[in-house]
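The data block below is target_36.txt; it holds compact mmCIF, C-alpha atoms.
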```txt
# COMPACT_ATOMS: atom_id res chain seq x y z
CA MET A 496 -41.40 8.20 -21.16
CA PRO A 497 -41.36 4.41 -21.13
CA VAL A 498 -37.59 4.30 -21.75
CA VAL A 499 -36.83 6.30 -18.62
CA LEU A 500 -39.18 4.19 -16.51
CA GLN A 501 -37.69 1.03 -17.96
CA ASN A 502 -34.21 2.19 -16.98
CA ILE A 503 -35.20 3.16 -13.45
CA PHE A 504 -36.79 -0.26 -13.07
CA ARG A 505 -33.66 -1.92 -14.45
CA PHE A 506 -31.45 0.04 -12.04
CA ILE A 507 -33.41 -1.11 -9.00
CA ILE A 508 -33.68 -4.75 -10.10
CA LEU A 509 -29.99 -5.00 -10.95
CA VAL A 510 -28.83 -3.39 -7.69
CA LEU A 511 -31.06 -5.69 -5.64
CA LEU A 512 -29.97 -8.74 -7.60
CA GLN A 513 -26.31 -7.80 -7.20
CA VAL A 514 -26.41 -6.92 -3.53
CA LEU A 515 -28.77 -9.53 -2.17
CA ALA A 516 -27.91 -12.49 -4.37
CA LEU A 517 -24.73 -12.20 -6.39
CA ASN A 518 -22.52 -10.65 -3.69
CA ASN A 519 -23.13 -13.87 -1.79
CA VAL A 520 -22.10 -16.08 -4.69
CA GLN A 521 -18.62 -17.17 -3.77
CA PHE A 522 -18.07 -20.12 -6.01
CA LEU A 523 -14.58 -21.57 -5.48
CA GLY A 524 -13.71 -18.47 -3.48
CA PHE A 525 -12.64 -16.70 -6.67
CA ILE A 526 -15.73 -15.97 -8.69
CA ASN A 527 -17.82 -12.95 -7.86
CA PRO A 528 -19.85 -11.84 -10.89
CA PHE A 529 -20.87 -8.18 -11.16
CA ILE A 530 -23.86 -7.94 -13.44
CA TYR A 531 -25.03 -4.54 -12.22
CA ILE A 532 -22.98 -2.94 -15.01
CA LEU A 533 -25.63 -4.26 -17.39
CA PHE A 534 -27.42 -1.02 -16.51
CA ILE A 535 -24.64 1.07 -18.08
CA ILE A 536 -24.25 -1.38 -20.94
CA SER A 537 -27.97 -1.19 -21.78
CA LEU A 538 -28.43 2.58 -21.70
CA PRO A 539 -29.69 3.90 -25.06
CA VAL A 540 -26.76 4.75 -27.31
CA ARG A 541 -27.52 8.45 -27.55
CA THR A 542 -27.94 9.06 -23.82
CA PRO A 543 -26.11 12.35 -23.04
CA ARG A 544 -22.62 11.46 -21.91
CA TRP A 545 -22.73 13.61 -18.79
CA ALA A 546 -25.91 11.82 -17.75
CA THR A 547 -24.28 8.43 -18.32
CA LEU A 548 -21.34 9.46 -16.16
CA LEU A 549 -23.51 10.72 -13.32
CA MET A 550 -25.71 7.63 -13.39
CA ALA A 551 -22.62 5.42 -13.36
CA PHE A 552 -21.29 7.29 -10.34
CA VAL A 553 -24.53 6.87 -8.41
CA LEU A 554 -24.78 3.20 -9.37
CA GLY A 555 -21.17 2.58 -8.31
CA LEU A 556 -21.61 4.34 -4.98
CA THR A 557 -24.78 2.37 -4.28
CA ILE A 558 -22.98 -0.92 -4.81
CA ASP A 559 -20.04 0.41 -2.77
CA ALA A 560 -22.28 1.21 0.16
CA PHE A 561 -23.46 -2.37 0.24
CA SER A 562 -20.09 -4.02 -0.13
CA ASN A 563 -17.96 -1.90 2.20
CA THR A 564 -15.65 -0.74 -0.57
CA PRO A 565 -16.01 3.05 -0.78
CA GLY A 566 -15.00 4.29 -4.22
CA THR A 567 -13.89 1.12 -5.99
CA HIS A 568 -17.13 0.27 -7.78
CA ALA A 569 -17.78 3.97 -8.45
CA PHE A 570 -14.37 4.34 -10.10
CA ALA A 571 -14.68 1.27 -12.31
CA THR A 572 -18.27 2.05 -13.34
CA VAL A 573 -17.53 5.69 -14.22
CA LEU A 574 -14.57 4.46 -16.26
CA ILE A 575 -16.67 2.17 -18.47
CA ALA A 576 -19.38 4.81 -18.73
CA PHE A 577 -16.78 7.19 -20.15
CA LEU A 578 -15.34 4.64 -22.58
CA ARG A 579 -18.74 3.30 -23.67
CA ASN A 580 -19.35 5.46 -26.74
CA GLY A 581 -15.81 4.89 -27.99
CA ILE A 582 -16.22 1.13 -27.69
CA ILE A 583 -19.60 1.19 -29.47
CA ASN A 584 -18.10 3.24 -32.31
CA LEU A 585 -15.30 0.69 -32.65
CA PHE A 586 -17.72 -1.98 -33.82
CA ILE A 587 -20.73 -0.34 -35.41
CA THR A 588 -21.85 2.93 -36.91
CA ILE A 589 -25.24 4.10 -35.77
CA ASP A 590 -27.34 6.07 -38.19
CA GLU A 591 -28.06 9.72 -37.52
CA GLY A 592 -31.33 10.12 -35.63
CA ASN A 593 -31.40 6.53 -34.35
CA ASN A 594 -31.20 5.88 -30.63
CA PRO A 595 -31.19 2.11 -30.16
CA THR A 596 -30.86 0.30 -26.84
CA PRO A 597 -27.92 -2.11 -27.14
CA SER A 598 -29.09 -5.70 -27.58
CA PHE A 599 -28.67 -8.71 -29.85
CA TYR A 600 -31.27 -7.31 -32.24
CA THR A 601 -30.02 -3.76 -32.60
CA PHE A 602 -26.28 -4.57 -32.64
CA SER A 603 -26.24 -8.10 -34.13
CA VAL A 604 -25.04 -10.92 -31.89
CA GLY A 605 -21.34 -10.71 -32.84
CA ASN A 606 -21.02 -6.99 -32.27
CA TYR A 607 -22.96 -7.11 -29.04
CA VAL A 608 -20.71 -9.85 -27.64
CA LYS A 609 -17.58 -7.88 -28.60
CA TYR A 610 -18.96 -4.72 -26.99
CA LEU A 611 -19.94 -6.67 -23.85
CA VAL A 612 -16.57 -8.41 -23.51
CA PHE A 613 -14.69 -5.08 -23.76
CA MET A 614 -16.89 -3.36 -21.18
CA VAL A 615 -16.80 -6.23 -18.67
CA LEU A 616 -13.05 -6.77 -18.96
CA ILE A 617 -12.24 -3.07 -18.46
CA HIS A 618 -14.61 -2.82 -15.52
CA HIS A 619 -13.38 -5.97 -13.78
CA THR A 620 -9.71 -5.15 -14.32
CA ALA A 621 -10.10 -1.69 -12.79
CA LEU A 622 -12.26 -3.06 -9.98
CA PHE A 623 -10.10 -5.96 -8.84
CA PHE A 624 -6.86 -4.00 -8.93
CA LEU A 625 -8.42 -1.15 -6.99
CA GLU A 626 -9.86 -3.58 -4.48
CA ALA A 627 -6.46 -5.13 -3.85
CA PHE A 628 -4.76 -1.73 -4.14
CA SER A 629 -1.38 -3.32 -4.79
CA PHE A 630 0.36 -5.46 -7.37
CA ALA A 631 1.58 -7.87 -4.72
CA ASN A 632 -0.85 -10.63 -5.71
CA PHE A 633 -0.66 -9.87 -9.42
CA TRP A 634 -1.30 -13.36 -10.78
CA LEU A 635 -3.99 -14.14 -8.24
CA ILE A 636 -5.81 -10.93 -9.18
CA LEU A 637 -5.46 -11.70 -12.89
CA PHE A 638 -6.93 -15.13 -12.25
CA LYS A 639 -9.86 -13.62 -10.38
CA ILE A 640 -10.45 -11.06 -13.15
CA THR A 641 -10.53 -13.77 -15.82
CA LEU A 642 -12.89 -16.11 -13.98
CA SER A 643 -15.26 -13.40 -12.74
CA SER A 644 -15.40 -11.70 -16.15
CA ALA A 645 -16.24 -15.00 -17.83
CA VAL A 646 -19.09 -15.64 -15.40
CA THR A 647 -20.38 -12.05 -15.67
CA ILE A 648 -20.36 -12.22 -19.47
CA LEU A 649 -22.19 -15.56 -19.48
CA LEU A 650 -24.80 -14.27 -17.03
CA ILE A 651 -25.42 -11.10 -19.05
CA LEU A 652 -25.67 -13.09 -22.28
CA GLY A 653 -28.17 -15.35 -20.53
CA ILE A 654 -30.26 -12.38 -19.41
CA GLN A 655 -30.11 -10.81 -22.88
CA SER A 656 -31.21 -13.99 -24.60
CA LEU A 657 -34.39 -13.96 -22.49
CA TYR A 658 -35.52 -10.78 -24.26
CA LYS A 659 -37.69 -11.35 -27.28
CA LYS A 660 -37.91 -8.71 -29.90
CA MET B 805 -12.62 34.70 -22.23
CA ARG B 806 -14.86 33.31 -24.93
CA ASN B 807 -12.17 30.86 -25.90
CA LEU B 808 -11.99 29.71 -22.33
CA PHE B 809 -15.74 29.12 -22.24
CA ASN B 810 -15.62 27.28 -25.53
CA PHE B 811 -12.82 25.15 -24.21
CA LEU B 812 -14.73 24.36 -21.02
CA ILE B 813 -17.91 23.48 -22.89
CA ARG B 814 -16.11 21.38 -25.45
CA TYR B 815 -14.37 19.25 -22.84
CA SER B 816 -17.09 19.35 -20.20
CA VAL B 817 -17.68 15.59 -20.39
CA LEU B 818 -13.98 14.92 -19.94
CA PHE B 819 -13.87 17.26 -16.95
CA LEU B 820 -16.90 15.61 -15.41
CA PHE B 821 -15.28 12.22 -15.93
CA LEU B 822 -12.04 13.32 -14.30
CA PHE B 823 -13.93 14.98 -11.46
CA LEU B 824 -15.95 11.85 -10.67
CA GLU B 825 -12.88 9.61 -10.92
CA ILE B 826 -10.96 11.87 -8.55
CA ILE B 827 -13.80 11.72 -6.02
CA SER B 828 -13.88 7.92 -6.26
CA PHE B 829 -10.14 7.64 -5.98
CA THR B 830 -10.03 9.94 -2.95
CA LEU B 831 -12.66 7.74 -1.30
CA ILE B 832 -10.57 4.65 -2.01
CA VAL B 833 -7.32 6.16 -0.75
CA LYS B 834 -8.94 7.60 2.35
CA ASN B 835 -10.25 4.20 3.30
CA GLN B 836 -6.99 2.37 2.97
CA GLY B 837 -6.14 3.45 6.49
CA TYR B 838 -7.35 1.84 9.64
CA GLN B 839 -10.09 4.42 10.15
CA LYS B 840 -12.80 3.69 7.66
CA SER B 841 -15.50 6.22 7.08
CA VAL B 842 -18.66 5.04 8.68
CA PHE B 843 -20.68 6.99 6.17
CA LEU B 844 -20.45 4.66 3.23
CA SER B 845 -19.83 1.39 4.97
CA SER B 846 -22.39 -1.24 5.69
CA SER B 847 -22.94 -0.01 9.21
CA ASN B 848 -24.87 2.72 7.44
CA SER B 849 -28.36 2.34 8.83
CA VAL B 850 -30.33 1.95 5.56
CA VAL B 851 -27.89 -0.62 4.29
CA SER B 852 -27.76 -2.53 7.55
CA GLU B 853 -31.53 -2.55 7.81
CA MET B 854 -31.68 -4.17 4.42
CA TYR B 855 -28.99 -6.70 5.25
CA GLU B 856 -30.81 -7.58 8.44
CA TRP B 857 -33.88 -8.30 6.37
CA SER B 858 -32.07 -10.45 3.82
CA ASN B 859 -30.21 -12.19 6.61
CA GLY B 860 -33.49 -13.12 8.21
CA VAL B 861 -34.30 -15.13 5.10
CA VAL B 862 -30.90 -16.73 4.69
CA GLU B 863 -30.53 -17.59 8.35
CA PHE B 864 -33.52 -19.85 8.20
CA PHE B 865 -31.48 -22.25 6.11
CA LYS B 866 -28.63 -22.24 8.58
CA LEU B 867 -30.82 -23.08 11.58
CA ARG B 868 -30.10 -26.77 11.58
CA ALA B 869 -26.34 -26.34 11.64
CA ALA B 870 -26.61 -23.63 14.29
CA ASN B 871 -28.77 -25.92 16.41
CA ASP B 872 -26.27 -28.75 16.13
CA ASN B 873 -23.48 -26.43 17.19
CA LEU B 874 -25.45 -25.13 20.15
CA SER B 875 -26.37 -28.56 21.44
CA GLU B 876 -22.76 -29.68 21.09
CA GLU B 877 -21.57 -26.68 23.03
CA ASN B 878 -24.29 -27.27 25.57
CA THR B 879 -23.16 -30.82 26.26
CA ALA B 880 -19.55 -29.75 26.49
CA LEU B 881 -20.48 -27.09 29.04
CA LYS B 882 -22.60 -29.52 31.02
CA ASN B 883 -19.71 -31.93 31.16
CA GLN B 884 -17.51 -29.14 32.41
CA VAL B 885 -20.01 -28.24 35.11
CA ILE B 886 -20.08 -31.82 36.33
CA GLN B 887 -16.33 -32.03 36.30
CA LEU B 888 -15.97 -28.78 38.22
CA GLN B 889 -18.60 -29.87 40.71
CA ASN B 890 -16.65 -33.04 41.33
CA GLN B 891 -13.48 -31.05 41.84
CA LEU B 892 -15.26 -28.71 44.20
CA GLU B 893 -16.57 -31.64 46.21
CA THR B 894 -13.09 -33.03 46.71
CA LEU B 895 -11.74 -29.62 47.74
CA LYS B 896 -14.51 -28.74 50.18
CA PRO B 897 -13.13 -30.05 53.49
CA ARG B 898 -9.81 -28.32 53.04
CA VAL B 899 -11.35 -24.98 52.12
CA LYS B 900 -13.54 -25.04 55.18
CA ASP B 901 -10.58 -25.21 57.52
CA SER B 902 -7.98 -22.96 55.97
CA ILE B 903 -9.54 -20.08 54.10
CA ARG B 904 -12.55 -18.22 55.43
CA PHE B 905 -12.80 -15.41 52.99
CA GLN B 906 -12.28 -16.02 49.36
CA ILE B 907 -11.67 -13.17 46.99
CA PRO B 908 -13.84 -13.66 43.92
CA PRO B 909 -11.79 -14.08 40.74
CA GLU B 910 -11.36 -10.87 38.89
CA MET B 911 -13.90 -10.37 36.13
CA GLU B 912 -11.56 -9.57 33.29
CA TYR B 913 -13.63 -10.39 30.25
CA ARG B 914 -17.26 -10.14 29.35
CA PHE B 915 -18.85 -11.36 26.16
CA ILE B 916 -21.36 -9.45 24.06
CA ALA B 917 -23.35 -11.82 21.87
CA ALA B 918 -23.89 -10.56 18.31
CA LYS B 919 -25.24 -11.78 15.02
CA VAL B 920 -23.43 -11.59 11.68
CA ILE B 921 -25.59 -9.75 9.16
CA ASN B 922 -23.09 -9.48 6.34
CA CYS B 923 -19.91 -11.41 5.69
CA SER B 924 -17.61 -11.59 2.67
CA THR B 925 -14.97 -14.27 2.16
CA ASN B 926 -14.03 -13.95 -1.49
CA LYS B 927 -12.32 -10.58 -1.64
CA LEU B 928 -8.78 -9.59 -0.83
CA GLN B 929 -10.07 -7.21 1.84
CA ASN B 930 -12.95 -8.93 3.57
CA SER B 931 -15.25 -7.52 6.21
CA ILE B 932 -18.05 -8.62 8.51
CA THR B 933 -20.98 -6.55 9.76
CA LEU B 934 -22.53 -7.27 13.17
CA ASN B 935 -25.93 -6.27 14.50
CA LYS B 936 -24.54 -4.81 17.76
CA GLY B 937 -23.06 -1.34 18.10
CA SER B 938 -21.99 1.24 20.65
CA ARG B 939 -25.45 1.03 22.22
CA ASP B 940 -24.64 -2.51 23.33
CA GLY B 941 -21.11 -1.67 24.45
CA VAL B 942 -19.15 -2.62 21.34
CA GLN B 943 -16.12 -0.43 20.73
CA PRO B 944 -13.33 -0.34 18.14
CA ASP B 945 -10.37 -2.67 18.74
CA MET B 946 -12.40 -5.28 20.59
CA GLY B 947 -11.78 -8.90 19.65
CA VAL B 948 -14.49 -11.05 18.08
CA VAL B 949 -14.73 -14.83 18.54
CA SER B 950 -17.22 -17.52 17.66
CA ASP B 951 -17.76 -20.85 19.38
CA GLU B 952 -15.14 -22.34 17.09
CA GLY B 953 -12.38 -19.77 17.48
CA VAL B 954 -11.03 -16.33 16.60
CA VAL B 955 -12.98 -14.30 14.03
CA GLY B 956 -11.42 -10.82 13.91
CA ILE B 957 -11.18 -7.34 15.39
CA VAL B 958 -13.87 -4.62 15.50
CA LYS B 959 -12.97 -1.71 13.26
CA VAL B 960 -15.79 0.84 13.16
CA VAL B 961 -18.88 1.16 15.30
CA ASN B 962 -22.03 3.19 15.05
CA GLU B 963 -25.02 3.16 17.33
CA LYS B 964 -26.61 -0.03 16.07
CA ASN B 965 -23.98 -1.87 14.06
CA SER B 966 -20.30 -2.52 13.83
CA VAL B 967 -17.88 -3.63 11.12
CA VAL B 968 -15.29 -6.28 11.92
CA ILE B 969 -12.07 -7.00 10.03
CA PRO B 970 -11.82 -10.78 10.04
CA ILE B 971 -8.62 -12.81 9.93
CA LEU B 972 -9.43 -12.99 6.20
CA ASN B 973 -7.93 -9.56 5.56
CA PRO B 974 -4.21 -8.95 5.05
CA ARG B 975 -4.52 -5.71 7.02
CA ILE B 976 -4.50 -7.49 10.37
CA GLU B 977 -2.14 -9.97 11.94
CA ILE B 978 -3.04 -11.99 14.98
CA ASN B 979 -0.38 -13.01 17.45
CA CYS B 980 -0.60 -16.75 18.01
CA LYS B 981 1.24 -19.54 19.74
CA PHE B 982 1.36 -23.32 19.74
CA LYS B 983 -0.70 -24.90 22.43
CA ARG B 984 1.94 -27.61 22.87
CA THR B 985 5.21 -25.66 22.82
CA ASN B 986 4.26 -22.02 23.49
CA TYR B 987 6.31 -20.60 20.59
CA THR B 988 4.64 -17.46 19.23
CA GLY B 989 4.33 -15.91 15.78
CA PRO B 990 2.00 -13.67 13.76
CA LEU B 991 -0.78 -15.25 11.70
CA LYS B 992 -1.54 -13.58 8.38
CA TRP B 993 -3.97 -14.29 5.57
CA GLU B 994 -2.56 -14.13 2.04
CA GLY B 995 -5.76 -13.58 0.11
CA GLU B 996 -6.18 -16.95 -1.54
CA ASP B 997 -8.45 -19.37 0.29
CA TYR B 998 -10.89 -18.54 3.06
CA ARG B 999 -10.03 -21.79 4.84
CA TYR B 1000 -6.29 -21.27 5.24
CA ALA B 1001 -3.86 -18.66 6.57
CA ASN B 1002 -0.10 -18.58 7.10
CA LEU B 1003 1.89 -18.52 10.31
CA ASN B 1004 5.29 -16.85 10.07
CA ASP B 1005 8.33 -16.27 12.26
CA ILE B 1006 8.56 -19.78 13.69
CA ALA B 1007 12.27 -20.62 13.87
CA ARG B 1008 13.54 -23.91 12.43
CA HIS B 1009 14.53 -25.48 15.73
CA VAL B 1010 10.90 -25.64 16.87
CA GLU B 1011 9.34 -29.09 16.71
CA LEU B 1012 6.11 -29.18 14.76
CA ALA B 1013 3.56 -31.83 13.98
CA LEU B 1014 0.65 -31.82 11.56
CA GLY B 1015 -2.58 -31.04 13.35
CA ASP B 1016 -0.99 -29.06 16.19
CA THR B 1017 -3.43 -26.57 17.65
CA ILE B 1018 -2.66 -22.87 17.37
CA ILE B 1019 -4.17 -20.56 19.98
CA THR B 1020 -4.08 -16.84 20.73
CA SER B 1021 -1.03 -15.77 22.70
CA GLY B 1022 -2.74 -13.31 25.03
CA PHE B 1023 0.04 -10.76 24.48
CA THR B 1024 -2.37 -8.18 23.15
CA SER B 1025 -5.37 -7.04 25.11
CA THR B 1026 -7.71 -7.84 22.21
CA PHE B 1027 -7.89 -11.57 22.80
CA PRO B 1028 -7.41 -13.50 26.02
CA GLU B 1029 -4.97 -16.38 25.93
CA GLY B 1030 -6.02 -19.78 24.65
CA ILE B 1031 -8.73 -19.17 22.07
CA PRO B 1032 -8.25 -21.62 19.19
CA VAL B 1033 -7.20 -20.03 15.89
CA GLY B 1034 -6.48 -23.05 13.74
CA TYR B 1035 -4.59 -26.27 13.16
CA ILE B 1036 -1.39 -26.95 11.23
CA GLU B 1037 -2.33 -28.27 7.81
CA ASP B 1038 1.08 -28.31 6.24
CA PHE B 1039 4.56 -26.89 6.88
CA LYS B 1040 7.61 -26.40 4.73
CA ILE B 1041 11.17 -25.27 5.31
CA LYS B 1042 13.91 -24.85 2.74
CA GLU B 1043 17.52 -25.72 3.46
CA SER B 1044 18.44 -22.01 3.40
CA ASP B 1045 15.52 -20.64 5.43
CA ALA B 1046 15.62 -19.79 9.09
CA TYR B 1047 11.85 -19.81 9.46
CA TYR B 1048 9.10 -22.29 8.69
CA LYS B 1049 6.35 -21.61 6.21
CA ILE B 1050 3.29 -22.97 7.99
CA LYS B 1051 -0.13 -23.37 6.42
CA VAL B 1052 -2.86 -23.15 9.04
CA LYS B 1053 -6.39 -24.45 8.66
CA LEU B 1054 -8.55 -21.83 10.36
CA ALA B 1055 -10.78 -23.04 13.17
CA VAL B 1056 -13.67 -20.83 12.06
CA ASN B 1057 -15.59 -21.53 8.88
CA PHE B 1058 -16.30 -17.99 7.69
CA ARG B 1059 -18.80 -19.14 5.10
CA THR B 1060 -21.26 -20.41 7.70
CA LEU B 1061 -20.57 -17.82 10.39
CA SER B 1062 -23.76 -16.59 12.04
CA HIS B 1063 -23.40 -16.02 15.80
CA VAL B 1064 -20.32 -14.43 17.36
CA LYS B 1065 -19.21 -12.94 20.68
CA VAL B 1066 -17.46 -9.62 21.06
CA ILE B 1067 -14.89 -9.62 23.84
CA ASN B 1068 -15.12 -6.71 26.20
CA TYR B 1069 -11.84 -6.55 28.10
CA LEU B 1070 -12.73 -4.55 31.16
CA ASN B 1071 -9.21 -3.50 32.06
CA TYR B 1072 -8.37 -2.41 28.53
CA LYS B 1073 -8.01 1.27 29.31
CA GLU B 1074 -6.02 0.72 32.48
CA GLN B 1075 -3.60 -1.59 30.69
CA LYS B 1076 -3.14 0.82 27.78
CA ASP B 1077 -2.50 3.72 30.14
CA LEU B 1078 0.00 1.72 32.13
CA GLU B 1079 1.85 0.65 29.00
CA LYS B 1080 1.95 4.22 27.77
CA LYS B 1081 3.37 5.38 31.08
CA ALA B 1082 6.07 2.74 30.91
CA GLU B 1083 7.07 3.89 27.45
CA GLU B 1084 7.58 7.50 28.50
```

Now that the file is in, can you turn its structure into structure tokens?
Amino acid sequence: MPVVLQNIFRFIILVLLQVLALNNVQFLGFINPFIYILFIISLPVRTPRWATLLMAFVLGLTIDAFSNTPGTHAFATVLIAFLRNGIINLFITIDEGNNPTPSFYTFSVGNYVKYLVFMVLIHHTALFFLEAFSFANFWLILFKITLSSAVTILLILGIQSLYKK
Amino acid sequence: MRNLFNFLIRYSVLFLFLFLEIISFTLIVKNQGYQKSVFLSSSNSVVSEMYEWSNGVVEFFKLRAANDNLSEENTALKNQVIQLQNQLETLKPRVKDSIRFQIPPEMEYRFIAAKVINCSTNKLQNSITLNKGSRDGVQPDMGVVSDEGVVGIVKVVNEKNSVVIPILNPRIEINCKFKRTNYTGPLKWEGEDYRYANLNDIARHVELALGDTIITSGFTSTFPEGIPVGYIEDFKIKESDAYYKIKVKLAVNFRTLSHVKVINYLNYKEQKDLEKKAEE
């Protein structure tokens, strides 16, 4: 079961990285990248959907516990976990019997970037609006979403390009 | 019946999704209020243990700045001691003759020193976690200050830790006044920059100057009078407005915050009871 072990390992590393390092990154006061969703993004394509949802919920709650925001991360993460298969099917068709882990090599660079951008944007939009819980600062929130998403996407692309097939 | 089962099985993923989202949303809505559940917040013991550990590493890099601050404060206090001693010397002969018994000044406030173990400045709803809790006498609604000025108000407390809402959270307003003119108004943060907040309700006839000091008004029992909050950075008033729009540079730098004091107002309960009686 190397895939399961690999994912458990990834979960722990990403949570630690997010909570201990990235939650303290406060560049310009606007940018707060959330790369922990790479865990959901990198789950094998044919992971049972109920399992994806439950894992997303646990992951979200873990991050919530560390950032004093009960529910917000859980909500946004469960949302992208639910939409994940739909987004993958938008860009590529996966052969019957294949169960690839999303990456540059299995998806091709273009498709992977599209998939990543969709997931990150949906997650960050849900997250920042829930965090503010009002539309009072609409443009400010939009600004934060754009900047943080850009940084998250760049970071994840950086991490992905370290992998060698 | 079978159709029902088929239906349930077919849409089970959707139901699970909705179920989890409803739980999350309930958590969010429940915590919009002033009472935040202690369960999932960072005063949770596992989480705070971990923060304490990571803080131990980070704090090492802040030691120099903290030392500088301490020595500065130390000299200021020493100067004060000398000044007070001088004053005492000059007063001595008169005291000897007139008053025999002096009533000691009432001990109204006591400080509880605490360390910041987690602090956010980049969200719209920021929070700070301290390493002191009910065991050390910290209770909800107590004010928190640092050597530089006002930090925030304690929100939830467990045995070992407490969570503070700083000025950097639109949920709280702090009643302030000008040191020079004594006009009061509420200070509120608008969610943009951790260095600045806005002061409202200052009428247009008040004279202002850039750099004026803003201090706590002492009208609430959370903060005693005269703790610095910030300095006027900029102010605007339109022809049609009755009130100024004042941008305040906060006295505290929340990004480098590490040691704070929780204010324990000893007459808090008595004052609250009295005020309640007066309302009835």

Practice task
Give the residues of chain B that lie within 8 Å of chain A; count all atoms listed in the file, and format the answer as JSON, numbers by chain.
Solution key: {"B": [817, 820, 821, 824, 825, 827, 828, 829, 830, 831, 832, 835, 844, 845, 846, 848, 851, 855, 858, 924, 925, 926, 927, 928, 929, 931, 996, 997, 998]}

Given the point (-29.8, -4.1, -26.7) in the coordinates of this file, which residues lie within 10 Å, counting all atoms listed in the file, and how would they look as a CSV table (one decimal) with C-alpha atoms, keeping the file's coordinate frame?
```
chain,number,residue,atom,x,y,z
A,536,ILE,CA,-24.2,-1.4,-20.9
A,537,SER,CA,-28.0,-1.2,-21.8
A,538,LEU,CA,-28.4,2.6,-21.7
A,539,PRO,CA,-29.7,3.9,-25.1
A,540,VAL,CA,-26.8,4.8,-27.3
A,595,PRO,CA,-31.2,2.1,-30.2
A,596,THR,CA,-30.9,0.3,-26.8
A,597,PRO,CA,-27.9,-2.1,-27.1
A,598,SER,CA,-29.1,-5.7,-27.6
A,599,PHE,CA,-28.7,-8.7,-29.8
A,600,TYR,CA,-31.3,-7.3,-32.2
A,601,THR,CA,-30.0,-3.8,-32.6
A,602,PHE,CA,-26.3,-4.6,-32.6
A,603,SER,CA,-26.2,-8.1,-34.1
A,604,VAL,CA,-25.0,-10.9,-31.9
A,607,TYR,CA,-23.0,-7.1,-29.0
A,655,GLN,CA,-30.1,-10.8,-22.9
A,658,TYR,CA,-35.5,-10.8,-24.3
A,660,LYS,CA,-37.9,-8.7,-29.9
```

Exercise for the section: Using all atoms listed in the file, collect all residues at a distance of at most 7 Å from (-23.4, -16.8, 22.2) as written in the file, then present them as a list in words. Expected result: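 The requested residues, written out, are Ala917, His1063, Val1064 and Lys1065 of chain B.
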
Problem - atom CA of B:Phe1058 to atom CA of B:Phe865, straight-line distance in Å - result: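 Atom CA of B:Phe865 sits 15.8 Å away from atom CA of B:Phe1058.
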
Exercise for the section: May I have the residues within 12 Å of A:Ala631 as a ChimeraX atom specification, using only C-alpha atoms and disregarding those fewer than 5 positions away in the same chain? Expected result: /A:624,636-637 /B:928,974,994-995

Take the residues from that selection and put them in a file with C-alpha atoms, as a CSV table (one decimal), in the frame of the given file.
```csv
chain,number,residue,atom,x,y,z
A,624,PHE,CA,-6.9,-4.0,-8.9
A,636,ILE,CA,-5.8,-10.9,-9.2
A,637,LEU,CA,-5.5,-11.7,-12.9
B,928,LEU,CA,-8.8,-9.6,-0.8
B,974,PRO,CA,-4.2,-9.0,5.0
B,994,GLU,CA,-2.6,-14.1,2.0
B,995,GLY,CA,-5.8,-13.6,0.1
```
